[in-house]
Amino acid sequence: MARPLSDEKRRAILSATIDAVSDLGVSASTASIAKAAGISDGALFVYFATKDALLNEAYLEVKRDLGNAILASYPAQGDLRERCRHLWDRYIDWGIKNPRKKSAMRQLAVSAKISEATREIGFEPYRELDAMLEEVVSGGSLRRASVRGLAGGLFATVADMTIDFIERDPFLTGELTLAGFAFFWNGATN
């Protein structure tokens with residue numbers, strides 16, 4: 001009878017994968033991931049059948065972590081600006097606290113290795129937030145844009161840029177967070 005797989009090893013593999021993708025992109029070798037996880041290369045494939053399966057699961061792991069961070073205490077009944085500001089503040093805070101996860105997400109989000117099915121699963125917890133962001137732009141100059149996810153893409157781009165500036169000068173975290181939000185909000189609603 002086969003031994004059950006270890007959750008601890010699985011988590012170590014995913015953590016090592018996220019770090020490797022952050023450092024080297026999706027071309028990081030499975031050998032280097034296995035070594036960082038403290039297992040043999042062959043053992044990695046006991047947990048994940050292929051490297052693509054591993055990358056897809058790492059993508060979902062980061063999406064879940066981000067979702068948990070930004071959805072905590074989400075003011076679903078708040079006004080539009082309050083809900084958007086909550087999302088902004090939590091996204092910025094998560095990005096500052098998790099630079100490697102943020103970097104890995106950037107790499108994985110544009111990778112052809114991530115399947116459409118995985119992308120849909122990863123997007124599911126964000127549907128309400130996506131609708132809220134679409135509402136943000138509905139009255140402004142972007143209202144005629146028919147590209148699904150444009151508002152979310154703009155939000156993430158400006159937020160990531162804000163995080164990059166904060167990483168360079170952490171003493172300005174509060175000011176940069178406010179300025180970045182004002183830039184997004186004014187651009188999206190006007």
# chains A, B, ... in the order shown; residues from 1 in each chain; ligands from 1
call {"tool": "select_by_dssp", "arguments": {"residues": "chain A", "states": "alpha helix (DSSP H)", "output": "PyMOL selection string"}}
result
chain A and resi 7-24+30-37+41-47+51-71+80-97+99-109+116-123+127-137+150-168+173-189
call {"tool": "residues_around", "arguments": {"residues": "stretch 105-118 of chain A", "least_positions_apart": "3", "cutoff": "8 Å", "atoms": "only C-alpha atoms", "output": "VMD selection string"}}
result
chain A and resid 21 to 22 25 to 26 52 55 to 56 59 to 60 62 to 63 101 to 102 121 to 122
call {"tool": "closest_residue", "arguments": {"among": "A:Leu14, A:Ile70, A:Ala156, A:Leu172", "to": "A:Pro125", "atoms": "only C-alpha atoms"}}
result
A:Ile70
call {"tool": "residues_around", "arguments": {"residues": "A:Ala159", "least_positions_apart": "3", "cutoff": "7 Å", "atoms": "only C-alpha atoms", "output": "number ranges by chain"}}
result
A: 92, 155-156, 162-163, 180
call {"tool": "closest_residue", "arguments": {"among": "A:Leu129, A:Leu44, A:Ala49, A:Ala12", "to": "A:Arg83", "atoms": "only C-alpha atoms"}}
result
A:Leu129
call {"tool": "atom_distance", "arguments": {"atom1": "atom CA of A:Glu57", "atom2": "atom CA of A:Thr17"}}
result
9.6 Å
call {"tool": "atom_distance", "arguments": {"atom1": "atom CA of A:Gly78", "atom2": "atom CA of A:Lys97"}}
result
25.9 Å
call {"tool": "residues_around", "arguments": {"residues": "A:Ala76", "least_positions_apart": "3", "cutoff": "10 Å", "atoms": "only C-alpha atoms", "output": "mmCIF file with C-alpha atoms, in the first residue's frame"}}
result
data_model
loop_
_atom_site.group_PDB
_atom_site.id
_atom_site.type_symbol
_atom_site.label_atom_id
_atom_site.label_comp_id
_atom_site.auth_asym_id
_atom_site.auth_seq_id
_atom_site.Cartn_x
_atom_site.Cartn_y
_atom_site.Cartn_z
ATOM 1 C CA LEU A 71 -11.143 39.683 0.817
ATOM 2 C CA SER A 73 -13.082 42.242 6.068
ATOM 3 C CA ASP A 79 -19.940 52.667 -0.991
ATOM 4 C CA LEU A 80 -17.983 52.194 -4.197
ATOM 5 C CA GLU A 82 -14.738 52.584 0.217
ATOM 6 C CA ARG A 83 -14.807 49.115 -1.386
ATOM 7 C CA GLU A 128 -17.240 40.350 -7.164
ATOM 8 C CA LEU A 129 -14.131 42.524 -7.095
ATOM 9 C CA MET A 132 -16.817 46.389 -8.512
#
call {"tool": "residues_around", "arguments": {"residues": "A:Val136", "least_positions_apart": "3", "cutoff": "7 Å", "atoms": "only C-alpha atoms", "output": "JSON, numbers by chain"}}
result
{"A": [132, 133, 188, 189]}
call {"tool": "write_last_selection", "arguments": {"atoms": "all heavy atoms", "output": "short mmCIF file (atom, residue, chain, number, x, y, z; two decimals), in the first residue's frame"}}
result
data_model
loop_
_atom_site.label_atom_id
_atom_site.label_comp_id
_atom_site.auth_asym_id
_atom_site.auth_seq_id
_atom_site.Cartn_x
_atom_site.Cartn_y
_atom_site.Cartn_z
N MET A 132 -16.95 45.11 -9.20
CA MET A 132 -16.82 46.39 -8.51
C MET A 132 -15.90 47.32 -9.30
O MET A 132 -16.21 48.49 -9.49
CB MET A 132 -16.27 46.17 -7.10
CG MET A 132 -16.14 47.45 -6.27
SD MET A 132 -14.52 48.24 -6.33
CE MET A 132 -13.47 46.99 -5.64
N LEU A 133 -14.79 46.80 -9.81
CA LEU A 133 -13.87 47.63 -10.59
C LEU A 133 -14.51 48.08 -11.90
O LEU A 133 -14.29 49.20 -12.35
CB LEU A 133 -12.56 46.89 -10.84
CG LEU A 133 -11.68 46.71 -9.61
CD1 LEU A 133 -10.50 45.81 -9.91
CD2 LEU A 133 -11.21 48.06 -9.07
N ALA A 188 -9.72 56.39 -13.33
CA ALA A 188 -10.77 55.43 -13.64
C ALA A 188 -12.17 56.04 -13.62
O ALA A 188 -13.05 55.59 -14.34
CB ALA A 188 -10.71 54.26 -12.65
N THR A 189 -12.37 57.06 -12.81
CA THR A 189 -13.72 57.59 -12.64
C THR A 189 -13.98 58.84 -13.46
O THR A 189 -15.13 59.30 -13.56
CB THR A 189 -14.01 57.91 -11.16
OG1 THR A 189 -13.05 58.84 -10.67
CG2 THR A 189 -13.99 56.64 -10.33
#
call {"tool": "closest_residue", "arguments": {"among": "A:Glu134, A:Asp65, A:Glu120, A:Asp93", "to": "A:Gly174", "atoms": "only C-alpha atoms"}}
result
A:Asp93
